[in-house]
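K.L.:
Next up, model.csv (CSV, C-alpha atoms).
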chain,number,residue,atom,x,y,z
P,1,MET,CA,185.3,73.6,175.0
P,2,SER,CA,188.9,72.7,174.2
P,3,PRO,CA,190.1,72.4,170.7
P,4,THR,CA,192.2,69.3,169.8
P,5,SER,CA,194.4,68.3,167.0
P,6,LYS,CA,191.8,67.1,164.4
P,7,CYS,CA,190.5,69.7,162.0
P,8,ARG,CA,188.0,69.9,159.2
P,9,GLY,CA,186.8,72.5,156.8
P,10,ASP,CA,183.9,74.9,156.9
P,11,ALA,CA,181.1,72.4,156.4
P,12,ASP,CA,179.4,73.5,159.6
P,13,TYR,CA,178.9,77.0,158.2
P,14,LEU,CA,177.2,75.9,155.0
P,15,ASP,CA,173.5,76.1,154.7
P,16,TYR,CA,171.9,72.6,154.5
P,17,GLY,CA,168.5,73.9,155.9
P,18,GLN,CA,165.5,71.6,155.7
P,19,ARG,CA,162.2,72.4,154.1
P,20,GLY,CA,159.7,74.1,156.2
P,21,VAL,CA,162.3,75.8,158.4
P,22,PRO,CA,161.9,79.6,158.2
P,23,HIS,CA,165.1,81.3,157.1
P,24,HIS,CA,163.9,84.7,158.2
P,25,ALA,CA,167.0,86.0,159.9
P,26,PRO,CA,168.4,89.2,158.4
P,27,ARG,CA,171.2,88.5,155.8
P,28,GLY,CA,172.7,92.0,155.5
P,29,ARG,CA,176.4,92.2,156.7
P,30,VAL,CA,177.5,94.7,159.2
P,31,SER,CA,180.7,95.5,161.0
P,32,PRO,CA,180.0,95.3,164.7
P,33,PRO,CA,182.3,96.5,167.5
P,34,PRO,CA,184.8,93.8,168.4
P,35,VAL,CA,183.7,90.9,170.6
P,36,LEU,CA,186.2,89.0,172.8
P,37,CYS,CA,185.4,85.5,174.0
P,38,TYR,CA,187.1,84.0,177.1
P,39,HIS,CA,186.3,80.5,178.5
P,40,ARG,CA,188.2,79.6,181.6
P,41,ILE,CA,190.1,82.0,183.9
P,42,GLY,CA,192.4,80.3,186.4
P,43,GLY,CA,191.6,76.9,188.0
P,44,PRO,CA,193.3,73.6,187.2
P,45,LEU,CA,195.5,73.2,184.2
P,46,GLU,CA,194.1,71.5,181.1
P,47,LEU,CA,195.3,69.7,178.0
P,48,GLY,CA,193.5,72.2,175.8
P,49,VAL,CA,193.9,75.9,175.1
P,50,THR,CA,190.9,77.6,176.6
P,51,ARG,CA,192.4,78.3,180.1
P,52,LEU,CA,194.0,81.7,180.7
P,53,ALA,CA,195.8,82.4,184.0
P,54,ARG,CA,194.2,84.9,186.3
P,55,GLY,CA,197.3,87.1,186.2
P,56,VAL,CA,197.2,87.3,182.4
P,57,PHE,CA,193.5,88.1,182.4
P,58,GLU,CA,193.9,90.8,185.1
P,59,ARG,CA,196.8,92.4,183.3
P,60,GLN,CA,194.8,92.6,180.1
P,61,MET,CA,191.7,94.1,181.7
P,62,ARG,CA,193.8,96.7,183.6
P,63,ALA,CA,195.8,97.6,180.6
P,64,LEU,CA,192.6,98.1,178.5
P,65,ALA,CA,191.0,100.2,181.1
P,66,GLN,CA,194.1,102.4,181.4
P,67,ARG,CA,194.2,102.9,177.6
P,68,GLY,CA,190.6,104.1,177.5
P,69,TRP,CA,188.8,101.0,176.4
P,70,ARG,CA,185.3,100.5,177.7
P,71,THR,CA,183.0,97.5,177.6
P,72,LEU,CA,179.5,97.5,176.1
P,73,THR,CA,176.3,96.1,177.5
P,74,LEU,CA,174.2,93.9,175.3
P,75,ALA,CA,171.7,96.7,174.7
P,76,GLN,CA,174.5,99.1,173.8
P,77,PHE,CA,176.1,96.5,171.5
P,78,ALA,CA,172.7,95.9,169.8
P,79,ALA,CA,172.3,99.6,169.2
P,80,ARG,CA,175.8,99.8,167.6
P,81,VAL,CA,174.9,96.9,165.3
P,82,GLU,CA,171.7,98.5,164.3
P,83,ALA,CA,173.4,101.9,163.7
P,84,ARG,CA,176.1,100.3,161.5
P,85,ALA,CA,173.5,98.4,159.6
P,86,ARG,CA,172.2,101.8,158.6
P,87,ALA,CA,175.6,102.6,157.2
P,88,ALA,CA,176.8,104.6,160.1
P,89,ALA,CA,180.5,104.1,160.2
P,90,PRO,CA,182.3,103.6,163.5
P,91,ARG,CA,184.1,106.7,164.8
P,92,ASP,CA,187.8,106.9,164.3
P,93,GLY,CA,189.7,105.8,167.4
P,94,GLU,CA,186.6,104.2,169.0
P,95,ARG,CA,187.7,102.0,171.9
P,96,GLU,CA,184.7,99.9,172.9
P,97,PHE,CA,184.1,96.2,172.8
P,98,LEU,CA,181.8,93.4,174.1
P,99,LEU,CA,183.4,91.1,176.6
P,100,THR,CA,182.0,87.6,176.8
P,101,PHE,CA,182.6,84.3,178.6
P,102,ASP,CA,181.4,80.9,177.3
P,103,ASP,CA,180.3,78.0,179.4
P,104,GLY,CA,179.9,79.7,182.8
P,105,TYR,CA,182.6,78.0,184.9
P,106,ALA,CA,182.5,78.5,188.6
P,107,SER,CA,186.1,79.9,188.6
P,108,LEU,CA,184.8,83.0,187.0
P,109,GLY,CA,183.2,84.1,190.3
P,110,ASP,CA,186.6,84.0,192.0
P,111,GLN,CA,189.1,84.7,189.2
P,112,ALA,CA,187.4,87.0,186.7
P,113,TYR,CA,184.3,88.8,187.9
P,114,PRO,CA,186.1,90.6,190.9
P,115,VAL,CA,188.7,91.9,188.4
P,116,LEU,CA,185.9,93.3,186.2
P,117,ALA,CA,184.2,94.9,189.2
P,118,ASP,CA,187.6,96.5,190.1
P,119,VAL,CA,188.2,98.1,186.7
P,120,GLY,CA,184.6,99.0,186.0
P,121,PHE,CA,184.0,96.6,183.1
P,122,THR,CA,180.9,94.6,182.4
P,123,ALA,CA,180.5,91.3,180.6
P,124,VAL,CA,178.1,88.7,179.3
P,125,THR,CA,178.4,85.0,180.3
P,126,PHE,CA,176.7,82.4,178.1
P,127,LEU,CA,175.5,79.5,180.3
P,128,VAL,CA,174.9,75.9,179.5
P,129,THR,CA,171.7,75.9,181.3
P,130,ASP,CA,171.2,72.2,182.0
P,131,HIS,CA,174.6,72.2,183.7
P,132,VAL,CA,174.2,75.2,185.9
P,133,GLY,CA,175.4,74.1,189.4
P,134,GLY,CA,176.8,70.9,187.9
P,135,THR,CA,179.9,69.9,186.1
P,136,ASN,CA,181.1,69.9,182.5
P,137,THR,CA,180.1,66.4,181.6
P,138,TRP,CA,179.0,67.8,178.3
P,139,ASP,CA,182.7,68.2,177.3
P,140,ALA,CA,185.5,65.9,176.7
P,141,ARG,CA,187.7,65.5,179.8
P,142,TYR,CA,190.7,67.7,179.5
P,143,THR,CA,191.3,68.1,183.2
P,144,TRP,CA,192.0,65.6,185.9
P,145,ARG,CA,188.6,66.2,187.5
P,146,ARG,CA,185.4,67.6,186.0
P,147,LEU,CA,185.0,71.4,186.2
P,148,GLN,CA,182.3,73.0,188.3
P,149,HIS,CA,179.8,75.4,186.8
P,150,LEU,CA,178.4,78.5,188.4
P,151,ARG,CA,175.3,78.0,190.6
P,152,TRP,CA,172.1,80.0,190.2
P,153,GLY,CA,172.7,81.8,193.4
P,154,GLU,CA,176.1,83.0,192.3
P,155,ILE,CA,174.7,84.0,188.9
P,156,GLU,CA,171.9,86.0,190.5
P,157,HIS,CA,174.5,87.7,192.8
P,158,TRP,CA,176.7,88.8,189.9
P,159,GLN,CA,173.7,89.8,187.8
P,160,ALA,CA,172.6,92.1,190.6
P,161,ARG,CA,176.1,93.7,190.4
P,162,GLY,CA,175.6,94.5,186.7
P,163,LEU,CA,176.9,91.5,184.8
P,164,GLU,CA,174.7,89.9,182.1
P,165,PHE,CA,174.0,86.4,181.1
P,166,GLY,CA,172.8,84.6,178.0
P,167,SER,CA,172.3,81.2,176.4
P,168,HIS,CA,175.0,78.7,175.4
P,169,THR,CA,172.1,76.3,174.7
P,170,ALA,CA,170.8,73.6,177.1
P,171,THR,CA,173.5,71.0,176.8
P,172,HIS,CA,176.2,72.5,174.6
P,173,GLY,CA,175.3,70.4,171.6
P,174,ARG,CA,176.7,71.3,168.2
P,175,LEU,CA,173.5,72.7,166.7
P,176,THR,CA,174.5,72.2,163.1
P,177,TRP,CA,174.7,68.5,163.6
P,178,LEU,CA,171.2,68.3,165.2
P,179,ASP,CA,167.9,68.0,163.3
P,180,ASP,CA,165.4,70.8,163.5
P,181,ARG,CA,163.4,69.4,166.5
P,182,ARG,CA,166.5,68.8,168.7
P,183,ALA,CA,168.1,72.1,167.8
P,184,ALA,CA,164.9,74.0,168.4
P,185,ASP,CA,164.6,72.3,171.8
P,186,GLU,CA,168.1,73.2,172.8
P,187,LEU,CA,167.5,76.9,171.9
P,188,ARG,CA,164.0,77.1,173.4
P,189,ARG,CA,164.6,75.2,176.6
P,190,SER,CA,167.7,77.2,177.5
P,191,ARG,CA,166.0,80.6,176.8
P,192,GLU,CA,163.0,79.7,178.8
P,193,THR,CA,165.1,78.6,181.8
P,194,LEU,CA,167.2,81.8,181.7
P,195,MET,CA,164.1,84.1,181.5
P,196,ARG,CA,162.4,82.2,184.3
P,197,ARG,CA,165.5,82.5,186.6
P,198,LEU,CA,167.0,85.8,185.5
P,199,GLY,CA,164.3,87.8,183.8
P,200,PRO,CA,163.4,88.7,180.1
P,201,SER,CA,166.8,90.3,179.4
P,202,ALA,CA,168.6,87.0,179.8
P,203,GLY,CA,166.7,85.6,176.8
P,204,ARG,CA,168.1,88.2,174.4
P,205,ALA,CA,171.3,86.6,173.2
P,206,LEU,CA,173.0,83.3,172.7
P,207,ALA,CA,176.5,82.0,171.7
P,208,TYR,CA,176.5,79.1,169.4
P,209,PRO,CA,178.4,76.1,170.9
P,210,PHE,CA,181.8,75.7,169.1
P,211,GLY,CA,180.9,78.9,167.2
P,212,ALA,CA,179.0,76.7,164.7
P,213,TRP,CA,176.0,78.1,162.9
P,214,ASN,CA,174.4,78.1,159.4
P,215,ASP,CA,171.3,79.7,157.9
P,216,ARG,CA,169.1,77.0,159.2
P,217,ILE,CA,170.3,77.4,162.8
P,218,VAL,CA,170.1,81.2,162.6
P,219,GLY,CA,166.5,80.8,161.5
P,220,LEU,CA,165.7,78.6,164.4
P,221,ALA,CA,167.4,81.0,166.8
P,222,GLY,CA,165.3,83.8,165.5
P,223,ALA,CA,162.1,81.7,165.8
P,224,ALA,CA,163.0,80.9,169.4
P,225,GLY,CA,163.1,84.6,170.2
P,226,TYR,CA,166.8,85.5,170.3
P,227,ALA,CA,167.8,88.9,169.0
P,228,LEU,CA,171.6,88.4,169.0
P,229,GLY,CA,173.7,85.4,168.2
P,230,PHE,CA,177.4,85.0,168.4
P,231,GLY,CA,179.5,82.6,166.3
P,232,GLY,CA,183.1,82.1,165.3
P,233,VAL,CA,185.9,84.3,164.1
P,234,ALA,CA,185.4,84.5,160.3
P,235,GLY,CA,183.5,87.1,158.4
P,236,GLU,CA,180.9,89.7,159.3
P,237,GLY,CA,177.3,88.6,159.8
P,238,PRO,CA,173.8,89.8,160.7
P,239,PRO,CA,172.7,90.3,164.3
P,240,LEU,CA,172.1,86.6,164.7
P,241,ALA,CA,175.6,85.6,163.4
P,242,VAL,CA,178.0,88.1,165.0
P,243,PRO,CA,181.7,87.1,164.9
P,244,ARG,CA,183.8,86.8,168.0
P,245,VAL,CA,187.5,86.3,168.6
P,246,PRO,CA,188.4,83.8,171.3
P,247,VAL,CA,191.2,84.6,173.7
P,248,TYR,CA,193.2,81.3,174.0
P,249,ALA,CA,196.2,80.3,176.1
P,250,TRP,CA,198.8,81.8,173.7
P,251,ASP,CA,197.1,85.3,173.8
P,252,ARG,CA,199.1,86.7,176.7
P,253,GLY,CA,199.8,90.2,175.7
P,254,ALA,CA,198.5,93.3,177.4
P,255,THR,CA,196.1,93.9,174.5
P,256,PRO,CA,194.3,90.8,173.4
P,257,LEU,CA,194.9,89.9,169.7
P,258,GLY,CA,191.2,90.4,168.9
P,259,LEU,CA,191.5,94.1,169.7
P,260,ARG,CA,194.7,94.7,167.8
P,261,ARG,CA,194.5,96.3,164.3
P,262,ASP,CA,197.9,95.4,163.1
P,263,ALA,CA,199.5,92.3,161.5
P,264,LEU,CA,199.9,90.5,164.8
P,265,GLY,CA,196.2,91.0,165.5
P,266,ALA,CA,195.3,89.6,162.1
P,267,ALA,CA,197.6,86.6,162.6
P,268,GLY,CA,196.0,86.1,166.0
P,269,ARG,CA,192.5,86.0,164.5
P,270,VAL,CA,193.6,83.4,161.9
P,271,ALA,CA,195.1,81.3,164.7
P,272,ALA,CA,191.9,81.5,166.7
P,273,HIS,CA,189.8,80.6,163.7
P,274,VAL,CA,192.0,77.5,163.0
P,275,ALA,CA,191.6,76.5,166.7
P,276,ASN,CA,187.8,76.8,166.4
P,277,ARG,CA,187.8,74.6,163.3
P,278,CYS,CA,189.9,72.0,165.2
P,279,ALA,CA,187.3,71.9,168.0
P,280,VAL,CA,185.1,69.7,165.8
P,281,ALA,CA,187.1,66.8,167.3
P,282,THR,CA,185.5,67.4,170.6
P,283,THR,CA,182.1,66.9,169.1
P,284,VAL,CA,183.2,63.7,167.3
P,285,MET,CA,184.7,62.3,170.5
P,286,LEU,CA,181.5,63.0,172.5
P,287,LYS,CA,179.3,61.6,169.8
P,288,MET,CA,181.3,58.4,169.7
P,289,LEU,CA,181.3,58.1,173.5
P,290,GLY,CA,177.6,58.7,173.7
P,291,GLU,CA,176.9,56.0,171.1
P,292,ARG,CA,179.1,53.5,173.1
P,293,ARG,CA,177.3,54.4,176.3
P,294,SER,CA,174.0,53.9,174.6
P,295,LYS,CA,175.1,50.5,173.5
P,296,GLY,CA,176.3,49.8,177.0
P,297,ARG,CA,172.9,50.5,178.5
P,298,SER,CA,171.4,48.0,176.0
P,299,GLY,CA,173.9,45.3,177.1
P,300,GLU,CA,175.7,45.0,173.8
P,301,PRO,CA,179.1,43.3,174.1
P,302,GLY,CA,182.2,45.5,174.1
P,303,ALA,CA,180.4,48.7,175.0
P,304,VAL,CA,181.7,51.3,177.4
P,305,ARG,CA,179.5,51.5,180.5
P,306,ASP,CA,178.9,54.5,182.7
P,307,GLY,CA,181.7,54.9,185.1
P,308,ASP,CA,184.3,53.1,182.9
P,309,THR,CA,185.7,56.3,181.5
Kindly return the structure encoded in the file as structure tokens.
P.N.:
Amino acid sequence: MSPTSKCRGDADYLDYGQRGVPHHAPRGRVSPPPVLCYHRIGGPLELGVTRLARGVFERQMRALAQRGWRTLTLAQFAARVEARARAAAPRDGEREFLLTFDDGYASLGDQAYPVLADVGFTAVTFLVTDHVGGTNTWDARYTWRRLQHLRWGEIEHWQARGLEFGSHTATHGRLTWLDDRRAADELRRSRETLMRRLGPSAGRALAYPFGAWNDRIVGLAGAAGYALGFGGVAGEGPPLAVPRVPVYAWDRGATPLGLRRDALGAAGRVAAHVANRCAVATTVMLKMLGERRSKGRSGEPGAVRDGDT
């Protein structure tokens, strides 16, 4: 996912749930440990902001390890969320965070995972399950060639070495723009695929594409069987709407902005939130392209046909 220049407000985060959809997700607000979200590490340059050079990523991970930071597993993170929901305040000076990657690009296997193994960090990668082993045709084209996703064999190899994996839905659709049936299918199908290939633990968590969720989607995620859901930057939410701070191309310091507790960290979180809101343009572009391709298959004049873009 690569944010572009068109922005909109917070409409995706408003509840426009439909009748008959259970809104049974917990609504209490908690303050979870910080969660960082990376996308691409290394690989070809792009016209977006989600790529971070391997050298920058490695410098950040080594600096954090040297300063006493440690990463959490999903089970540890869930335990922290539950404890804080019971009003247990975080300890002063606590240096722990959840490290996540969205989309599951193949470059992670060469550029990111070996660094994590070297410094003793773990991470969770959220996979677009219909595109495992394929390319990112679900995204707008921000690189010269389409980007390769991890293959199942590579995922299983790194899972055996202690890394975790979760759902980024089946096709990376913006769930808040889908009706109940299609959104539920995205959530259910992805979870079932992950559990079949990687075991029950892979069905525990999901990251909402584009960070977009609302009460209706949180309810559908809970009904599908997820226990943790990760959204965008703003606010504090229940276990199925946990905020994350993306690490974008400008975040090049030794300590990622999402882990800083000073004015620069606050400014970085605002910038990441704005970039997330701008990402709606990607969805609009893909929707328009999909409609034109659909018309092309029906033979309507002026339509874009497969292979023309």
K.L.:
Which residue gives the smallest distance to Ala221 of chain P among P:Leu187, P:Val247, P:Ala207, P:Ala241, with all atoms listed in the file counted?
P.N.:
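Once distances to Ala221 of chain P are computed over all atoms listed in the file, the minimum belongs to P:Leu187.
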K.L.:
Which one of P:Gly162, P:Gly232, P:Gly153, P:Pro32 sits closest to Glu82 of chain P if you count only C-alpha atoms?
P.N.:
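Smallest distance to Glu82 of chain P is found for P:Pro32.
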K.L.:
I'd like the contact shell of Glu164 of chain P - 12 Å cut-off, only C-alpha atoms, skipping same-chain residues fewer than 5 positions apart - returned as an MDAnalysis selection string.
P.N.:
chainID P and resid 72:75 98:101 104 113 121:127 155:159 194 198:206
K.L.:
Residues near segment 66-71 of chain P, anyone? I mean within 12 Å using all atoms listed in the file, not counting same-chain ones fewer than 6 positions away, as a list of chain:residue names.
P.N.:
P:Pro33, P:Pro34, P:Val35, P:Leu36, P:Arg59, P:Gln60, P:Phe77, P:Gly93, P:Glu94, P:Arg95, P:Glu96, P:Phe97, P:Leu98, P:Leu99, P:Thr100, P:Leu116, P:Ala117, P:Val119, P:Gly120, P:Phe121, P:Thr122, P:Ala123, P:Val124, P:Leu163, P:Ala254, P:Thr255, P:Pro256, P:Leu259
K.L.:
Restricting the output to C-alpha atoms, write the selected residues as a PDB file, in the coordinates of the input.
P.N.:
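Result file is selection.pdb:
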ATOM      1  CA  PRO P  33     182.300  96.500 167.500  1.00  0.00           C
ATOM      2  CA  PRO P  34     184.800  93.800 168.400  1.00  0.00           C
ATOM      3  CA  VAL P  35     183.700  90.900 170.600  1.00  0.00           C
ATOM      4  CA  LEU P  36     186.200  89.000 172.800  1.00  0.00           C
ATOM      5  CA  ARG P  59     196.800  92.400 183.300  1.00  0.00           C
ATOM      6  CA  GLN P  60     194.800  92.600 180.100  1.00  0.00           C
ATOM      7  CA  PHE P  77     176.100  96.500 171.500  1.00  0.00           C
ATOM      8  CA  GLY P  93     189.700 105.800 167.400  1.00  0.00           C
ATOM      9  CA  GLU P  94     186.600 104.200 169.000  1.00  0.00           C
ATOM     10  CA  ARG P  95     187.700 102.000 171.900  1.00  0.00           C
ATOM     11  CA  GLU P  96     184.700  99.900 172.900  1.00  0.00           C
ATOM     12  CA  PHE P  97     184.100  96.200 172.800  1.00  0.00           C
ATOM     13  CA  LEU P  98     181.800  93.400 174.100  1.00  0.00           C
ATOM     14  CA  LEU P  99     183.400  91.100 176.600  1.00  0.00           C
ATOM     15  CA  THR P 100     182.000  87.600 176.800  1.00  0.00           C
ATOM     16  CA  LEU P 116     185.900  93.300 186.200  1.00  0.00           C
ATOM     17  CA  ALA P 117     184.200  94.900 189.200  1.00  0.00           C
ATOM     18  CA  VAL P 119     188.200  98.100 186.700  1.00  0.00           C
ATOM     19  CA  GLY P 120     184.600  99.000 186.000  1.00  0.00           C
ATOM     20  CA  PHE P 121     184.000  96.600 183.100  1.00  0.00           C
ATOM     21  CA  THR P 122     180.900  94.600 182.400  1.00  0.00           C
ATOM     22  CA  ALA P 123     180.500  91.300 180.600  1.00  0.00           C
ATOM     23  CA  VAL P 124     178.100  88.700 179.300  1.00  0.00           C
ATOM     24  CA  LEU P 163     176.900  91.500 184.800  1.00  0.00           C
ATOM     25  CA  ALA P 254     198.500  93.300 177.400  1.00  0.00           C
ATOM     26  CA  THR P 255     196.100  93.900 174.500  1.00  0.00           C
ATOM     27  CA  PRO P 256     194.300  90.800 173.400  1.00  0.00           C
ATOM     28  CA  LEU P 259     191.500  94.100 169.700  1.00  0.00           C
TER      29      LEU P 259
END
K.L.:
If you measure from atom CA of Ala263 of chain P to atom CA of Tyr38 of chain P, what distance in Å do you get, rounded to one decimal?
P.N.:
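Those two atoms sit 21.6 Å apart.
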K.L.:
Please, what distance in Å, to one decimal, runs between atom CA of His149 of chain P and atom CA of Asp103 of chain P?
P.N.:
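Taking atom CA of His149 of chain P and atom CA of Asp103 of chain P, their separation equals 7.9 Å.
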K.L.:
Go ahead and compute the interatomic distance for atom CA of Ser107 of chain P and atom CA of Ala183 of chain P, in Å to one decimal.
P.N.:
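Between atom CA of Ser107 of chain P and atom CA of Ala183 of chain P the gap works out to 28.6 Å.
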K.L.:
Could you check which of P:Met61, P:Thr143, P:Arg84, P:Ala271 is closest to Pro238 of chain P, using all atoms listed in the file?
P.N.:
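Of P:Met61, P:Thr143, P:Arg84, P:Ala271, the one nearest Pro238 of chain P, counting all atoms listed in the file, is P:Arg84.
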K.L.:
Go through P:Val274, P:Ile41, P:Ala223, P:Leu264 and flag the residue nearest Pro114 of chain P, using only C-alpha atoms for the distances.
P.N.:
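Smallest separation from Pro114 of chain P among the options: P:Ile41.
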K.L.:
Would you list the contacts of segment 42-58 of chain P as a CSV table (one decimal) with C-alpha atoms, in the frame of the given file, taking every protein, DNA or RNA residue within 9 Å and counting only C-alpha atoms, but skipping same-chain residues closer than 5 positions in sequence?
P.N.:
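Once written, part.csv looks like this:
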chain,number,residue,atom,x,y,z
P,1,MET,CA,185.3,73.6,175.0
P,2,SER,CA,188.9,72.7,174.2
P,3,PRO,CA,190.1,72.4,170.7
P,4,THR,CA,192.2,69.3,169.8
P,63,ALA,CA,195.8,97.6,180.6
P,107,SER,CA,186.1,79.9,188.6
P,108,LEU,CA,184.8,83.0,187.0
P,110,ASP,CA,186.6,84.0,192.0
P,111,GLN,CA,189.1,84.7,189.2
P,112,ALA,CA,187.4,87.0,186.7
P,115,VAL,CA,188.7,91.9,188.4
P,116,LEU,CA,185.9,93.3,186.2
P,141,ARG,CA,187.7,65.5,179.8
P,142,TYR,CA,190.7,67.7,179.5
P,143,THR,CA,191.3,68.1,183.2
P,144,TRP,CA,192.0,65.6,185.9
P,145,ARG,CA,188.6,66.2,187.5
P,147,LEU,CA,185.0,71.4,186.2
P,246,PRO,CA,188.4,83.8,171.3
P,247,VAL,CA,191.2,84.6,173.7
P,248,TYR,CA,193.2,81.3,174.0
P,249,ALA,CA,196.2,80.3,176.1
P,250,TRP,CA,198.8,81.8,173.7
P,251,ASP,CA,197.1,85.3,173.8
P,252,ARG,CA,199.1,86.7,176.7
P,253,GLY,CA,199.8,90.2,175.7
P,254,ALA,CA,198.5,93.3,177.4
P,275,ALA,CA,191.6,76.5,166.7
K.L.:
Taking (179.4, 68.9, 173.1) in the file's coordinates, which residues come within 6 Å, counting all atoms listed in the file, written as a ChimeraX atom specification?
P.N.:
/P:138-139,172-173,283
K.L.:
Kindly complete segment 147-165 of chain P to N, CA and C atoms; the output should be written as a PDB file, keeping the file's coordinate frame.
P.N.:
ATOM      1  N   LEU P 147     185.034  69.971 185.793  1.00  0.00           N
ATOM      2  CA  LEU P 147     185.000  71.400 186.200  1.00  0.00           C
ATOM      3  C   LEU P 147     183.623  71.788 186.666  1.00  0.00           C
ATOM      4  N   GLN P 148     183.566  72.546 187.743  1.00  0.00           N
ATOM      5  CA  GLN P 148     182.300  73.000 188.300  1.00  0.00           C
ATOM      6  C   GLN P 148     181.788  74.229 187.537  1.00  0.00           C
ATOM      7  N   HIS P 149     180.469  74.258 187.339  1.00  0.00           N
ATOM      8  CA  HIS P 149     179.800  75.400 186.800  1.00  0.00           C
ATOM      9  C   HIS P 149     179.255  76.326 187.860  1.00  0.00           C
ATOM     10  N   LEU P 150     179.045  77.587 187.505  1.00  0.00           N
ATOM     11  CA  LEU P 150     178.400  78.500 188.400  1.00  0.00           C
ATOM     12  C   LEU P 150     177.038  77.980 188.858  1.00  0.00           C
ATOM     13  N   ARG P 151     176.657  78.312 190.088  1.00  0.00           N
ATOM     14  CA  ARG P 151     175.300  78.000 190.600  1.00  0.00           C
ATOM     15  C   ARG P 151     174.394  79.168 190.383  1.00  0.00           C
ATOM     16  N   TRP P 152     173.092  78.896 190.419  1.00  0.00           N
ATOM     17  CA  TRP P 152     172.100  80.000 190.200  1.00  0.00           C
ATOM     18  C   TRP P 152     172.271  81.103 191.160  1.00  0.00           C
ATOM     19  N   GLY P 153     172.517  80.769 192.432  1.00  0.00           N
ATOM     20  CA  GLY P 153     172.700  81.800 193.400  1.00  0.00           C
ATOM     21  C   GLY P 153     173.851  82.741 193.109  1.00  0.00           C
ATOM     22  N   GLU P 154     174.949  82.166 192.640  1.00  0.00           N
ATOM     23  CA  GLU P 154     176.100  83.000 192.300  1.00  0.00           C
ATOM     24  C   GLU P 154     175.808  83.816 191.035  1.00  0.00           C
ATOM     25  N   ILE P 155     175.099  83.241 190.085  1.00  0.00           N
ATOM     26  CA  ILE P 155     174.700  84.000 188.900  1.00  0.00           C
ATOM     27  C   ILE P 155     173.834  85.159 189.220  1.00  0.00           C
ATOM     28  N   GLU P 156     172.852  84.922 190.086  1.00  0.00           N
ATOM     29  CA  GLU P 156     171.900  86.000 190.500  1.00  0.00           C
ATOM     30  C   GLU P 156     172.698  87.102 191.233  1.00  0.00           C
ATOM     31  N   HIS P 157     173.673  86.714 192.054  1.00  0.00           N
ATOM     32  CA  HIS P 157     174.500  87.700 192.800  1.00  0.00           C
ATOM     33  C   HIS P 157     175.233  88.612 191.819  1.00  0.00           C
ATOM     34  N   TRP P 158     175.872  88.036 190.812  1.00  0.00           N
ATOM     35  CA  TRP P 158     176.700  88.800 189.900  1.00  0.00           C
ATOM     36  C   TRP P 158     175.768  89.603 188.909  1.00  0.00           C
ATOM     37  N   GLN P 159     174.605  89.053 188.601  1.00  0.00           N
ATOM     38  CA  GLN P 159     173.700  89.800 187.800  1.00  0.00           C
ATOM     39  C   GLN P 159     173.232  91.080 188.510  1.00  0.00           C
ATOM     40  N   ALA P 160     173.002  90.972 189.808  1.00  0.00           N
ATOM     41  CA  ALA P 160     172.600  92.100 190.600  1.00  0.00           C
ATOM     42  C   ALA P 160     173.710  93.193 190.636  1.00  0.00           C
ATOM     43  N   ARG P 161     174.947  92.780 190.380  1.00  0.00           N
ATOM     44  CA  ARG P 161     176.100  93.700 190.400  1.00  0.00           C
ATOM     45  C   ARG P 161     176.387  94.229 188.966  1.00  0.00           C
ATOM     46  N   GLY P 162     175.517  93.930 188.011  1.00  0.00           N
ATOM     47  CA  GLY P 162     175.600  94.500 186.700  1.00  0.00           C
ATOM     48  C   GLY P 162     176.123  93.643 185.575  1.00  0.00           C
ATOM     49  N   LEU P 163     176.484  92.390 185.873  1.00  0.00           N
ATOM     50  CA  LEU P 163     176.900  91.500 184.800  1.00  0.00           C
ATOM     51  C   LEU P 163     175.668  90.884 184.131  1.00  0.00           C
ATOM     52  N   GLU P 164     175.839  90.462 182.883  1.00  0.00           N
ATOM     53  CA  GLU P 164     174.700  89.900 182.100  1.00  0.00           C
ATOM     54  C   GLU P 164     174.974  88.463 181.765  1.00  0.00           C
ATOM     55  N   PHE P 165     173.879  87.769 181.458  1.00  0.00           N
ATOM     56  CA  PHE P 165     174.000  86.400 181.100  1.00  0.00           C
ATOM     57  C   PHE P 165     173.078  86.029 179.952  1.00  0.00           C
TER      58      PHE P 165
END
